[in-house]
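**Q** Input file: my_file-v9.cif. Contents: mmCIF, C-alpha atoms and all ligand atoms.
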```cif
data_protein
loop_
_atom_site.label_atom_id
_atom_site.label_comp_id
_atom_site.auth_asym_id
_atom_site.auth_seq_id
_atom_site.Cartn_x
_atom_site.Cartn_y
_atom_site.Cartn_z
CA MET A 3 -27.68 10.72 122.09
CA THR A 4 -26.57 7.93 119.80
CA VAL A 5 -25.19 8.87 116.42
CA MET A 6 -26.16 6.40 113.72
CA THR A 7 -23.61 5.90 110.99
CA THR A 8 -23.76 3.86 107.83
CA SER A 9 -20.68 2.54 106.17
CA ILE A 10 -20.44 3.92 102.65
CA GLU A 11 -17.70 3.75 100.05
CA THR A 12 -16.07 7.15 99.73
CA PRO A 13 -13.55 7.94 97.03
CA GLU A 14 -10.02 8.78 98.13
CA PRO A 15 -9.16 12.47 98.31
CA LYS A 16 -7.11 13.93 95.46
CA ARG A 17 -3.95 15.66 96.58
CA THR A 18 -1.01 17.52 95.16
CA SER A 19 2.11 15.32 95.22
CA ASP A 20 4.63 17.86 96.47
CA PHE A 21 5.25 18.13 100.22
CA GLN A 22 6.07 21.73 100.87
CA MET A 23 6.27 23.74 104.06
CA PRO A 24 4.09 26.85 103.85
CA TRP A 25 7.01 29.28 104.15
CA ASN A 26 8.82 27.60 101.30
CA ARG A 27 6.53 29.34 98.84
CA VAL A 28 8.06 32.63 99.92
CA LEU A 29 10.47 32.30 97.00
CA SER A 30 7.70 32.83 94.48
CA ALA A 31 5.47 35.10 96.54
CA ASN A 32 4.76 38.74 95.79
CA ASP A 33 6.11 41.35 98.21
CA ALA A 34 3.08 41.51 100.49
CA ALA A 35 2.68 37.75 100.75
CA ALA A 36 6.42 37.35 101.13
CA SER A 37 6.48 39.64 104.17
CA ALA A 38 3.76 37.58 105.83
CA ALA A 39 5.50 34.32 104.97
CA ARG A 40 8.80 35.67 106.25
CA ALA A 41 7.23 36.07 109.68
CA LEU A 42 6.67 32.32 109.70
CA GLY A 43 9.92 31.38 108.01
CA PRO A 44 12.19 29.66 110.53
CA TRP A 45 15.26 31.59 109.62
CA HIS A 46 17.05 32.02 112.94
CA PRO A 47 17.03 30.82 116.53
CA GLN A 48 16.00 33.60 118.90
CA GLU A 49 15.77 34.19 122.63
CA PHE A 50 12.25 34.98 123.71
CA LEU A 51 9.86 34.77 126.64
CA ALA A 52 6.87 32.44 126.44
CA GLU A 53 3.84 32.03 128.67
CA CYS A 54 2.29 28.64 129.45
CA VAL A 55 -1.38 28.70 128.43
CA GLN A 56 -2.44 25.09 128.91
CA THR A 57 -1.27 21.79 130.38
CA ILE A 58 -2.46 18.47 128.94
CA PRO A 59 -1.76 15.17 130.71
CA GLU A 60 -0.70 12.43 128.29
CA ALA A 61 -0.23 8.68 128.79
CA GLY A 62 3.15 7.38 129.93
CA GLY A 63 3.80 10.05 132.59
CA ILE A 64 4.13 12.77 129.95
CA MET A 65 2.63 16.22 130.32
CA THR A 66 2.20 18.56 127.37
CA PHE A 67 2.76 22.25 128.11
CA VAL A 68 1.29 24.65 125.56
CA PHE A 69 2.94 28.09 125.26
CA ARG A 70 2.59 31.34 123.36
CA ARG A 71 5.28 33.96 122.88
CA LEU A 72 4.95 37.00 125.10
CA ASP A 73 5.81 39.32 122.20
CA GLY A 74 2.78 37.99 120.30
CA ALA A 75 4.86 36.68 117.38
CA PRO A 76 4.34 33.19 115.99
CA LEU A 77 7.07 30.64 116.72
CA ALA A 78 8.73 29.72 113.45
CA PHE A 79 10.38 26.30 113.56
CA ARG A 80 10.68 23.05 111.63
CA ALA A 81 8.94 19.85 112.66
CA GLY A 82 11.45 17.90 114.77
CA GLN A 83 13.42 20.82 116.24
CA TYR A 84 13.76 21.61 119.92
CA LEU A 85 13.88 24.52 122.36
CA ASN A 86 16.41 25.17 125.08
CA ILE A 87 14.55 26.47 128.14
CA ALA A 88 15.85 28.09 131.33
CA PHE A 89 13.93 26.75 134.35
CA PRO A 90 14.02 28.72 137.65
CA ILE A 91 14.11 25.57 139.75
CA ASN A 92 16.26 27.33 142.39
CA GLY A 93 13.91 30.31 142.64
CA GLU A 94 13.85 33.46 140.51
CA ASP A 95 17.10 34.71 142.11
CA GLY A 96 18.96 31.37 142.02
CA GLU A 97 20.82 29.63 139.19
CA PHE A 98 18.56 28.74 136.29
CA VAL A 99 18.84 25.21 134.94
CA ASP A 100 18.74 24.77 131.16
CA ARG A 101 17.12 21.78 129.49
CA SER A 102 16.26 21.03 125.88
CA TYR A 103 12.84 19.72 124.91
CA SER A 104 11.55 18.81 121.47
CA ILE A 105 8.56 20.75 120.22
CA SER A 106 5.63 18.35 119.93
CA SER A 107 3.21 20.66 118.09
CA ALA A 108 3.29 21.37 114.34
CA PRO A 109 4.82 24.51 112.82
CA THR A 110 1.65 24.85 110.75
CA SER A 111 -0.12 26.19 113.86
CA PRO A 112 2.61 28.53 115.05
CA TRP A 113 0.66 30.89 117.32
CA THR A 114 0.92 28.42 120.15
CA PHE A 115 3.45 25.64 120.48
CA SER A 116 4.01 22.81 122.91
CA ILE A 117 6.69 20.74 124.56
CA SER A 118 5.88 17.34 126.08
CA VAL A 119 7.88 16.38 129.16
CA LYS A 120 8.17 12.92 130.67
CA ARG A 121 8.38 12.91 134.46
CA ASP A 122 11.58 11.19 135.50
CA ALA A 123 11.31 10.58 139.24
CA GLN A 124 15.13 10.59 139.56
CA GLY A 125 15.53 13.69 137.42
CA LEU A 126 16.22 17.21 138.64
CA VAL A 127 14.14 19.24 136.22
CA SER A 128 11.21 17.20 134.88
CA PRO A 129 9.48 16.71 138.28
CA TRP A 130 9.82 20.47 138.90
CA VAL A 131 8.33 21.21 135.48
CA HIS A 132 5.38 18.88 136.12
CA ASP A 133 4.74 20.35 139.56
CA ASN A 134 5.34 24.04 138.85
CA VAL A 135 4.69 25.04 135.25
CA ARG A 136 1.07 26.16 135.04
CA PRO A 137 -0.95 28.52 132.83
CA GLY A 138 0.60 31.93 133.48
CA THR A 139 4.16 30.64 134.07
CA VAL A 140 6.64 32.61 131.93
CA LEU A 141 9.88 30.96 130.82
CA ASP A 142 12.96 32.13 128.96
CA MET A 143 13.48 30.13 125.77
CA LEU A 144 16.08 29.80 123.03
CA GLY A 145 15.21 28.30 119.70
CA PRO A 146 14.41 26.72 117.46
CA VAL A 147 17.52 24.53 117.55
CA GLY A 148 18.44 21.35 115.74
CA ALA A 149 19.14 19.74 112.40
CA PHE A 150 16.70 16.85 113.02
CA HIS A 151 13.61 17.97 111.12
CA LEU A 152 11.46 17.36 108.07
CA PRO A 153 12.72 18.92 104.86
CA ASP A 154 11.06 22.10 103.63
CA GLN A 155 10.18 20.45 100.37
CA GLU A 156 10.04 16.89 99.09
CA ARG A 157 8.88 15.63 95.71
CA ARG A 158 8.15 12.11 96.96
CA PRO A 159 7.54 12.33 100.69
CA ARG A 160 7.97 8.74 101.87
CA TYR A 161 8.96 8.44 105.50
CA LEU A 162 9.52 5.79 108.12
CA LEU A 163 9.21 7.40 111.56
CA LEU A 164 10.63 5.36 114.44
CA ALA A 165 9.98 6.37 118.05
CA ALA A 166 10.69 4.77 121.39
CA GLY A 167 9.16 6.07 124.63
CA ALA A 168 9.43 9.84 124.96
CA GLY A 169 11.12 9.85 121.55
CA ILE A 170 7.62 10.18 120.16
CA THR A 171 7.71 13.95 120.88
CA PRO A 172 9.47 15.27 117.74
CA ILE A 173 7.93 12.44 115.70
CA MET A 174 4.49 13.67 116.85
CA SER A 175 5.34 17.12 115.51
CA MET A 176 6.22 15.52 112.17
CA VAL A 177 3.02 13.45 112.05
CA ARG A 178 0.88 16.49 112.89
CA THR A 179 2.68 18.53 110.23
CA ILE A 180 2.27 15.95 107.48
CA HIS A 181 -1.39 15.49 108.45
CA ALA A 182 -1.93 19.26 108.23
CA LEU A 183 -0.32 19.75 104.81
CA PRO A 184 -1.45 18.70 101.37
CA SER A 185 0.79 16.16 99.67
CA ARG A 186 0.77 12.57 98.53
CA ALA A 187 2.83 11.57 101.54
CA ASP A 188 3.32 7.95 102.50
CA VAL A 189 4.22 7.68 106.17
CA VAL A 190 4.75 4.69 108.42
CA VAL A 191 5.14 5.25 112.17
CA LEU A 192 6.51 2.47 114.36
CA TYR A 193 6.20 3.38 118.02
CA HIS A 194 7.85 1.32 120.78
CA GLY A 195 6.68 1.55 124.39
CA ALA A 196 7.37 -0.35 127.57
CA GLU A 197 3.81 -0.72 128.86
CA PRO A 198 0.40 -1.02 127.18
CA GLY A 199 -0.88 2.17 128.84
CA GLY A 200 2.32 4.12 128.20
CA PHE A 201 1.90 5.27 124.60
CA ALA A 202 1.57 9.07 124.71
CA PHE A 203 -0.65 10.67 122.03
CA HIS A 204 -2.12 7.26 121.10
CA LYS A 205 -5.68 8.62 120.86
CA GLU A 206 -4.60 11.34 118.45
CA LEU A 207 -2.42 8.92 116.49
CA GLU A 208 -5.36 6.55 116.19
CA TYR A 209 -7.57 9.38 115.00
CA ILE A 210 -5.01 10.63 112.46
CA SER A 211 -4.35 7.17 111.05
CA ALA A 212 -8.11 6.54 110.85
CA VAL A 213 -8.88 9.72 108.87
CA ASP A 214 -5.66 10.17 106.91
CA GLU A 215 -4.89 7.22 104.67
CA ARG A 216 -1.37 8.56 104.10
CA ILE A 217 -0.29 7.83 107.68
CA LYS A 218 -0.09 4.32 109.17
CA VAL A 219 0.76 3.81 112.83
CA PHE A 220 2.07 0.57 114.38
CA TYR A 221 2.85 -0.08 118.02
CA SER A 222 5.15 -2.56 119.68
CA LEU A 223 5.47 -3.41 123.33
CA GLY A 224 8.95 -3.88 124.76
CA ASP A 225 9.75 -7.06 126.56
CA ARG A 226 7.36 -6.63 129.49
CA SER A 227 4.42 -8.91 130.29
CA VAL A 228 1.56 -8.55 127.84
CA PRO A 229 -2.15 -8.20 128.57
CA GLU A 230 -4.57 -10.47 126.72
CA ASN A 231 -6.17 -7.71 124.70
CA TRP A 232 -2.89 -6.45 123.21
CA GLU A 233 -3.24 -6.80 119.45
CA TRP A 234 -0.13 -5.03 118.19
CA MET A 235 3.43 -6.23 117.84
CA LEU A 236 5.65 -7.46 120.62
CA GLY A 237 9.31 -7.09 121.44
CA ARG A 238 12.26 -4.90 120.58
CA LEU A 239 12.80 -3.48 117.14
CA THR A 240 13.91 -6.16 114.66
CA ALA A 241 14.67 -6.25 110.95
CA GLU A 242 11.57 -8.44 110.45
CA MET A 243 9.45 -5.85 112.22
CA ILE A 244 10.75 -3.08 109.94
CA GLU A 245 10.09 -5.24 106.87
CA GLN A 246 6.60 -6.03 108.14
CA VAL A 247 5.54 -2.39 108.58
CA ALA A 248 7.59 -0.94 105.71
CA PRO A 249 8.69 -3.57 103.17
CA ASP A 250 10.00 -0.66 101.08
CA ALA A 251 12.06 0.83 103.92
CA ASN A 252 15.05 1.35 101.64
CA GLY A 253 13.03 3.82 99.54
CA ARG A 254 12.09 5.93 102.54
CA LYS A 255 13.70 8.67 104.56
CA VAL A 256 13.93 7.50 108.15
CA TYR A 257 13.56 9.76 111.18
CA ALA A 258 14.19 8.03 114.50
CA CYS A 259 14.12 9.32 118.06
CA GLY A 260 14.61 7.53 121.36
CA PRO A 261 17.25 6.39 123.84
CA GLU A 262 20.78 5.79 122.64
CA GLY A 263 20.62 1.96 122.83
CA TYR A 264 17.44 1.90 120.74
CA LEU A 265 18.88 4.25 118.11
CA ASN A 266 22.20 2.41 117.79
CA HIS A 267 20.29 -0.85 117.40
CA ALA A 268 17.95 0.80 114.84
CA ALA A 269 20.93 2.10 112.84
CA ASP A 270 22.32 -1.45 112.50
CA LEU A 271 18.95 -2.92 111.55
CA LEU A 272 18.25 -0.24 108.97
CA ARG A 273 21.59 -0.99 107.34
CA ASN A 274 20.66 -4.70 107.31
CA VAL A 275 17.40 -4.02 105.48
CA GLY A 276 19.20 -1.92 102.89
CA VAL A 277 18.51 1.62 104.08
CA ASP A 278 21.39 3.86 103.15
CA ASP A 279 22.96 5.71 106.13
CA THR A 280 22.43 8.98 104.30
CA SER A 281 18.64 8.49 104.47
CA VAL A 282 18.65 8.05 108.23
CA HIS A 283 18.20 10.99 110.65
CA MET A 284 18.38 10.46 114.39
CA GLU A 285 17.68 12.45 117.52
CA PHE A 286 19.17 11.07 120.74
CA PHE A 287 17.02 11.49 123.84
CA SER A 288 19.84 10.33 126.03
CA GLY A 289 23.35 9.83 124.86
CA ASP A 290 26.98 9.29 125.70
CA ARG A 291 29.33 12.12 126.59
CA ALA A 292 30.27 12.84 122.99
CA THR A 293 26.62 13.14 121.96
CA LEU A 294 25.83 15.44 124.88
CA LEU A 295 28.79 17.65 124.03
CA GLU A 296 27.60 17.83 120.45
CA TYR A 297 24.17 19.02 121.60
CA GLN A 298 25.79 21.56 123.92
CA GLU A 299 27.77 22.91 120.99
CA GLU A 300 24.60 23.10 118.94
CA ILE A 301 22.91 25.19 121.64
CA ALA A 302 25.95 27.43 122.10
CA HIS A 303 25.93 28.00 118.37
CA ALA A 304 22.21 28.83 118.41
CA GLU A 305 22.89 31.33 121.23
CA ASP A 306 25.50 33.09 119.11
CA ILE A 307 23.14 33.25 116.15
CA ALA A 308 20.28 34.53 118.34
CA GLU A 309 22.55 37.27 119.67
CA GLU A 310 23.74 38.28 116.21
CA PHE A 311 20.19 38.23 114.92
CA ALA A 312 18.95 40.43 117.79
CA GLU A 313 21.73 42.91 117.00
CA GLU A 314 20.87 42.82 113.30
CA ILE A 315 17.22 43.54 114.00
CA ALA A 316 18.13 46.45 116.28
CA ALA A 317 20.50 47.87 113.64
CA ALA A 318 17.94 47.40 110.86
CA ARG A 319 15.34 49.31 112.86
CA GLU A 320 17.67 52.27 113.06
CA ALA A 321 18.80 52.12 109.44
CA ALA A 322 16.81 53.56 106.54
CA PRO A 323 14.47 50.90 105.05
CA GLU A 324 16.16 51.02 101.65
CA THR A 325 19.54 50.00 103.09
CA HIS A 326 18.03 46.98 104.82
CA THR A 327 18.89 43.90 102.82
CA THR A 328 16.64 40.99 103.74
CA ASN A 329 17.16 37.27 103.55
CA LEU A 330 14.44 37.24 100.98
CA GLN A 331 16.27 39.59 98.66
CA PHE A 332 19.31 37.38 99.03
CA LEU A 333 17.27 34.29 98.23
CA GLU A 334 15.65 35.90 95.24
CA THR A 335 19.01 36.94 93.86
CA ALA A 336 20.25 33.38 94.19
CA ALA A 337 17.12 31.93 92.63
CA ILE A 338 17.29 33.99 89.48
CA ALA A 339 21.02 33.59 88.88
CA GLU A 340 21.92 33.12 85.24
CA PRO A 341 22.80 29.58 84.16
CA LEU A 342 26.49 28.99 83.66
CA GLU A 343 27.81 28.76 80.16
CA GLU A 344 28.47 25.30 78.82
CA THR A 345 31.97 24.41 77.77
CA GLU A 346 32.89 21.83 75.16
CA GLU A 347 35.61 20.15 77.13
CA LEU A 348 34.98 16.86 78.94
CA GLN A 349 37.00 15.95 82.02
CA GLU A 350 38.66 12.62 82.70
CA PHE A 351 37.07 12.08 86.15
CA PRO A 352 35.63 9.65 86.98
CA PRO A 353 37.58 7.75 84.27
CA ASP A 354 34.57 5.89 82.87
CA ASP A 355 32.11 8.76 82.99
CA SER A 356 31.99 9.78 79.37
CA ALA A 357 28.24 10.37 79.87
CA PHE A 358 29.02 13.37 82.11
CA LYS A 359 28.38 16.79 80.66
CA SER A 360 30.84 19.50 81.67
CA VAL A 361 29.66 23.09 82.31
CA GLY A 362 31.00 26.31 83.73
CA GLU A 363 34.44 27.70 84.20
CA GLY A 364 36.90 27.41 87.04
CA THR A 365 39.97 25.66 88.29
CA LEU A 366 38.23 22.86 90.18
CA THR A 367 35.67 20.26 89.09
CA MET A 368 32.58 19.11 90.95
CA SER A 369 31.21 15.82 89.56
CA PHE A 370 27.52 15.28 90.37
CA VAL A 371 26.99 11.56 90.13
CA LYS A 372 23.18 11.45 89.86
CA SER A 373 22.90 14.48 87.57
CA LYS A 374 25.75 13.18 85.36
CA LEU A 375 27.16 16.67 85.33
CA LYS A 376 30.61 18.08 85.93
CA VAL A 377 30.62 21.68 87.03
CA ARG A 378 33.71 23.86 87.03
CA ILE A 379 34.12 26.05 90.10
CA ASN A 380 36.65 28.41 91.62
CA PRO A 381 37.69 27.99 95.27
CA ASP A 382 35.96 31.22 96.30
CA GLN A 383 32.52 30.32 94.88
CA ARG A 384 29.67 28.92 96.97
CA ILE A 385 29.01 25.35 95.83
CA LEU A 386 25.21 25.50 96.00
CA HIS A 387 24.87 28.56 93.82
CA VAL A 388 27.16 27.23 91.12
CA ALA A 389 25.55 23.77 91.16
CA GLN A 390 21.98 25.08 91.00
CA SER A 391 22.84 27.52 88.24
CA ALA A 392 24.26 24.61 86.27
CA GLY A 393 20.99 22.69 86.67
CA VAL A 394 21.80 20.31 89.53
CA ARG A 395 18.68 19.79 91.64
CA ILE A 396 19.53 20.52 95.26
CA GLY A 397 16.75 21.76 97.57
CA ALA A 398 17.63 24.83 99.61
CA ASN A 399 16.02 27.40 101.81
CA CYS A 400 17.97 29.56 104.24
CA GLN A 401 21.15 29.58 102.12
CA GLU A 402 23.04 30.32 105.33
CA GLY A 403 23.86 26.86 106.68
CA MET A 404 21.02 26.87 109.21
CA CYS A 405 18.13 24.79 107.94
CA GLY A 406 19.95 21.72 106.65
CA SER A 407 17.69 21.46 103.62
CA CYS A 408 20.55 21.50 101.10
CA LYS A 409 22.45 18.64 102.80
CA VAL A 410 24.17 16.31 100.32
CA VAL A 411 26.76 13.55 100.48
CA LYS A 412 30.31 14.18 99.38
CA LEU A 413 31.85 11.02 97.94
CA SER A 414 35.33 12.48 97.65
CA GLY A 415 37.25 15.73 97.95
CA GLU A 416 37.49 18.50 100.55
CA VAL A 417 35.22 21.45 101.24
CA ASP A 418 35.47 24.44 103.54
CA MET A 419 32.11 24.64 105.32
CA ASN A 420 30.98 27.57 107.43
CA HIS A 421 27.59 26.45 108.75
CA GLN A 422 25.27 27.82 111.39
CA GLY A 423 23.93 24.66 112.99
CA GLY A 424 22.22 23.06 109.97
CA ILE A 425 24.33 19.90 110.19
CA ARG A 426 25.57 17.67 113.01
CA ALA A 427 29.13 16.49 113.62
CA ARG A 428 28.08 12.88 113.07
CA GLU A 429 26.56 13.79 109.71
CA VAL A 430 29.80 15.49 108.68
CA ALA A 431 31.64 12.36 109.81
CA ALA A 432 29.30 10.37 107.54
CA GLY A 433 30.37 12.49 104.56
CA LYS A 434 27.50 14.98 104.40
CA PHE A 435 27.91 18.71 103.93
CA LEU A 436 25.87 21.85 103.27
CA PRO A 437 26.73 23.23 99.82
CA CYS A 438 25.05 26.59 100.54
CA CYS A 439 27.79 27.59 102.97
CA SER A 440 30.72 25.64 101.51
CA THR A 441 33.45 26.31 99.03
CA ALA A 442 35.50 23.66 97.22
CA GLN A 443 39.07 23.06 98.33
CA THR A 444 39.80 20.26 95.87
CA ASP A 445 37.98 18.49 93.04
CA LEU A 446 34.76 17.01 94.43
CA VAL A 447 32.48 14.06 93.71
CA ILE A 448 28.99 14.69 95.05
CA ASP A 449 26.02 12.34 95.33
CA ALA A 450 23.40 14.60 93.77
S1 LIG A 501 19.96 25.97 102.43
FE1 LIG A 501 19.73 25.95 104.59
S2 LIG A 501 21.49 24.88 105.24
FE2 LIG A 501 21.79 25.09 103.12
#
```
Could you rewrite the structure in this file as structure tokens?

**A**
Amino acid sequence: MTVMTTSIETPEPKRTSDFQMPWNRVLSANDAAASAARALGPWHPQEFLAECVQTIPEAGGIMTFVFRRLDGAPLAFRAGQYLNIAFPINGEDGEFVDRSYSISSAPTSPWTFSISVKRDAQGLVSPWVHDNVRPGTVLDMLGPVGAFHLPDQERRPRYLLLAAGAGITPIMSMVRTIHALPSRADVVVLYHGAEPGGFAFHKELEYISAVDERIKVFYSLGDRSVPENWEWMLGRLTAEMIEQVAPDANGRKVYACGPEGYLNHAADLLRNVGVDDTSVHMEFFSGDRATLLEYQEEIAHAEDIAEEFAEEIAAAREAAPETHTTNLQFLETAAIAEPLEETEELQEFPPDDSAFKSVGEGTLTMSFVKSKLKVRINPDQRILHVAQSAGVRIGANCQEGMCGSCKVVKLSGEVDMNHQGGIRAREVAAGKFLPCCSTAQTDLVIDA
């Protein structure tokens, strides 16, 4: 049967501007809705068993494995995060081998979730996964893990998503998520591959970019020989290429994933085209020793949290319901905190900042550069709570140092941060911190 179509002018859809993850609305939900949302809220990494329900071959030697949790619960995660999975490659009684894989599906369809694995002929685990994981295979998983993910809320969602090779996996989760949610997003994807037939998910990306005017996808072939019918870009990532696909790159948040060489090169180029380091988020698919150790620490940390969380759940089940304090109650308390009282006095820091308003009481001063506000704080007070109460706009969700959504840049001063995996060592080295789980040690100047 041939379907006849006629080209007609259709008006553009009207959308809400805010990008907001579904669970984010838990803060304003009533009790019943809040309980449902909490089930999908990615509060903690957990250890769980999952059963493979489908395998989907993709281009570029990648296979997608779709799973569902054995306990029937949805998998709550953020787009971009990964799972650490124990593979019984030495038999059920032998040593399990752990590997981390990004989740390629979107958290907006949490009842099943997928990882997409590239077969590396020299590798130990990926060939085993391709040859042995089938519908019915049950694997032990830990997750979600990782601070590389979309924010829970964004007023102006403008992203540049850079992927090279298998680095498309977490980026695919982000694209699917943005496509699924209402917002006036503006997303540019630039996807590098080595061979014309090696771009995984290209059919879906073509479909999404054809039906969703918010998402534009560009491809570039590495430096291999090029077939005649190749109509996209050619060559490694360059500053010109970034300017061509996203002339306004310096107004966008950048998420990049791929091999270490590609990401280091991308970091330099982004700086050259004026993108501030603080707007750049990277996930290394392969990395040097320091990077690998950092990821190992992240997983070890997630394991500790999963263990604590499992104990908490067990204890809560035994305790009377009224003594069970939930995250939600904690969040609500924080959200309705009374504003701090304004004081008359103006501080002398920074010296030329007479436009700064000073509020609150305390022995230390936090100067918020963008908000033109100086907030007094005591060393035992959580920075986020005090700042938000004073009217500084900092997005936040978990309030426990896990989700990374409150991340801000500290321009000067010292904080004591007690996070739970929501920030990476390299981000801390770049001056970022999580105000939800930090207290001030000295006067601070914060870029917010
Ligand atoms: S609010 Fe989640 S890390 Fe701060």

**Q** Could you please give me, as a PyMOL selection string, the residues of protein, DNA or RNA lying at most 12 Å from (10.6, 0.7, 97.0) in the coordinate frame of the file, considering only C-alpha atoms?

**A** chain A and resi 158+160-161+188+245+248-255+275-277

**Q** Any residue with an atom at most 7 Å from ligand LIG 501 (chain A) counts, using only C-alpha atoms and all ligand atoms. Which are they? Put them as a list in words.

**A**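 The residues within 7 Å of ligand LIG 501 (chain A), counting only C-alpha atoms and all ligand atoms, are Ala398, Asn399, Cys400, Gln401, Glu402, Gly403, Met404, Cys405, Gly406, Ser407, Cys408, Lys409, Gly424, Leu436, Pro437, Cys438 and Cys439 of chain A.
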
**Q** May I have the residues within 9 Å of range 57-68 of chain A as number ranges by chain, using only C-alpha atoms and disregarding those fewer than 6 positions away in the same chain?

**A** A: 106-107, 114-122, 132, 135-137, 167-168, 195, 197, 199-204

**Q** Could you jot down the CA of Thr12 in chain A to CA of Ser211 in chain A separation for me, Å, one decimal place?

**A**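 Spanning CA of Thr12 in chain A to CA of Ser211 in chain A is a straight-line distance of 16.3 Å.
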
**Q** Considering all atoms listed in the file, state which residue in the set A:Ala269, A:Leu446, A:Val99, A:Leu236 is at the smallest distance from Ala389 in chain A.

**A**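 Comparing A:Ala269, A:Leu446, A:Val99, A:Leu236 against Ala389 in chain A, the winner is A:Leu446.
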
**Q** My structure is short of atoms at range 309-314 of chain A; please model all heavy atoms there, returning them as a PDB file, keeping the file's coordinate frame.

**A**
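out_2.pdb, written as the output of this step:
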```pdb
ATOM      1  N   GLU A 309      21.977  35.977 119.268  1.00  0.00           N
ATOM      2  CA  GLU A 309      22.550  37.270 119.670  1.00  0.00           C
ATOM      3  C   GLU A 309      22.806  38.150 118.441  1.00  0.00           C
ATOM      4  O   GLU A 309      22.413  39.311 118.397  1.00  0.00           O
ATOM      5  CB  GLU A 309      23.872  37.009 120.376  1.00  0.00           C
ATOM      6  CG  GLU A 309      24.097  37.914 121.556  1.00  0.00           C
ATOM      7  CD  GLU A 309      25.254  37.377 122.371  1.00  0.00           C
ATOM      8  OE1 GLU A 309      25.033  36.454 123.186  1.00  0.00           O
ATOM      9  OE2 GLU A 309      26.357  37.858 122.128  1.00  0.00           O
ATOM     10  N   GLU A 310      23.448  37.525 117.440  1.00  0.00           N
ATOM     11  CA  GLU A 310      23.740  38.280 116.210  1.00  0.00           C
ATOM     12  C   GLU A 310      22.451  38.784 115.572  1.00  0.00           C
ATOM     13  O   GLU A 310      22.361  39.908 115.107  1.00  0.00           O
ATOM     14  CB  GLU A 310      24.406  37.351 115.183  1.00  0.00           C
ATOM     15  CG  GLU A 310      25.902  37.400 115.201  1.00  0.00           C
ATOM     16  CD  GLU A 310      26.459  36.333 114.271  1.00  0.00           C
ATOM     17  OE1 GLU A 310      25.929  36.181 113.158  1.00  0.00           O
ATOM     18  OE2 GLU A 310      27.405  35.645 114.685  1.00  0.00           O
ATOM     19  N   PHE A 311      21.447  37.896 115.560  1.00  0.00           N
ATOM     20  CA  PHE A 311      20.190  38.230 114.920  1.00  0.00           C
ATOM     21  C   PHE A 311      19.509  39.390 115.649  1.00  0.00           C
ATOM     22  O   PHE A 311      18.982  40.315 115.023  1.00  0.00           O
ATOM     23  CB  PHE A 311      19.290  36.981 114.923  1.00  0.00           C
ATOM     24  CG  PHE A 311      18.045  37.126 114.099  1.00  0.00           C
ATOM     25  CD1 PHE A 311      18.083  37.653 112.830  1.00  0.00           C
ATOM     26  CD2 PHE A 311      16.822  36.708 114.610  1.00  0.00           C
ATOM     27  CE1 PHE A 311      16.928  37.774 112.066  1.00  0.00           C
ATOM     28  CE2 PHE A 311      15.660  36.827 113.862  1.00  0.00           C
ATOM     29  CZ  PHE A 311      15.723  37.364 112.586  1.00  0.00           C
ATOM     30  N   ALA A 312      19.560  39.351 116.997  1.00  0.00           N
ATOM     31  CA  ALA A 312      18.950  40.430 117.790  1.00  0.00           C
ATOM     32  C   ALA A 312      19.652  41.750 117.466  1.00  0.00           C
ATOM     33  O   ALA A 312      19.012  42.801 117.317  1.00  0.00           O
ATOM     34  CB  ALA A 312      19.048  40.103 119.265  1.00  0.00           C
ATOM     35  N   GLU A 313      20.981  41.690 117.330  1.00  0.00           N
ATOM     36  CA  GLU A 313      21.730  42.910 117.000  1.00  0.00           C
ATOM     37  C   GLU A 313      21.354  43.406 115.610  1.00  0.00           C
ATOM     38  O   GLU A 313      21.186  44.608 115.381  1.00  0.00           O
ATOM     39  CB  GLU A 313      23.239  42.642 117.054  1.00  0.00           C
ATOM     40  CG  GLU A 313      23.767  42.632 118.472  1.00  0.00           C
ATOM     41  CD  GLU A 313      25.166  42.039 118.558  1.00  0.00           C
ATOM     42  OE1 GLU A 313      25.826  41.913 117.505  1.00  0.00           O
ATOM     43  OE2 GLU A 313      25.580  41.694 119.680  1.00  0.00           O
ATOM     44  N   GLU A 314      21.235  42.456 114.671  1.00  0.00           N
ATOM     45  CA  GLU A 314      20.870  42.820 113.300  1.00  0.00           C
ATOM     46  C   GLU A 314      19.516  43.513 113.245  1.00  0.00           C
ATOM     47  O   GLU A 314      19.342  44.517 112.560  1.00  0.00           O
ATOM     48  CB  GLU A 314      20.763  41.549 112.459  1.00  0.00           C
ATOM     49  CG  GLU A 314      21.814  41.407 111.399  1.00  0.00           C
ATOM     50  CD  GLU A 314      21.648  40.082 110.671  1.00  0.00           C
ATOM     51  OE1 GLU A 314      20.562  39.835 110.126  1.00  0.00           O
ATOM     52  OE2 GLU A 314      22.607  39.291 110.681  1.00  0.00           O
TER      53      GLU A 314
END
```
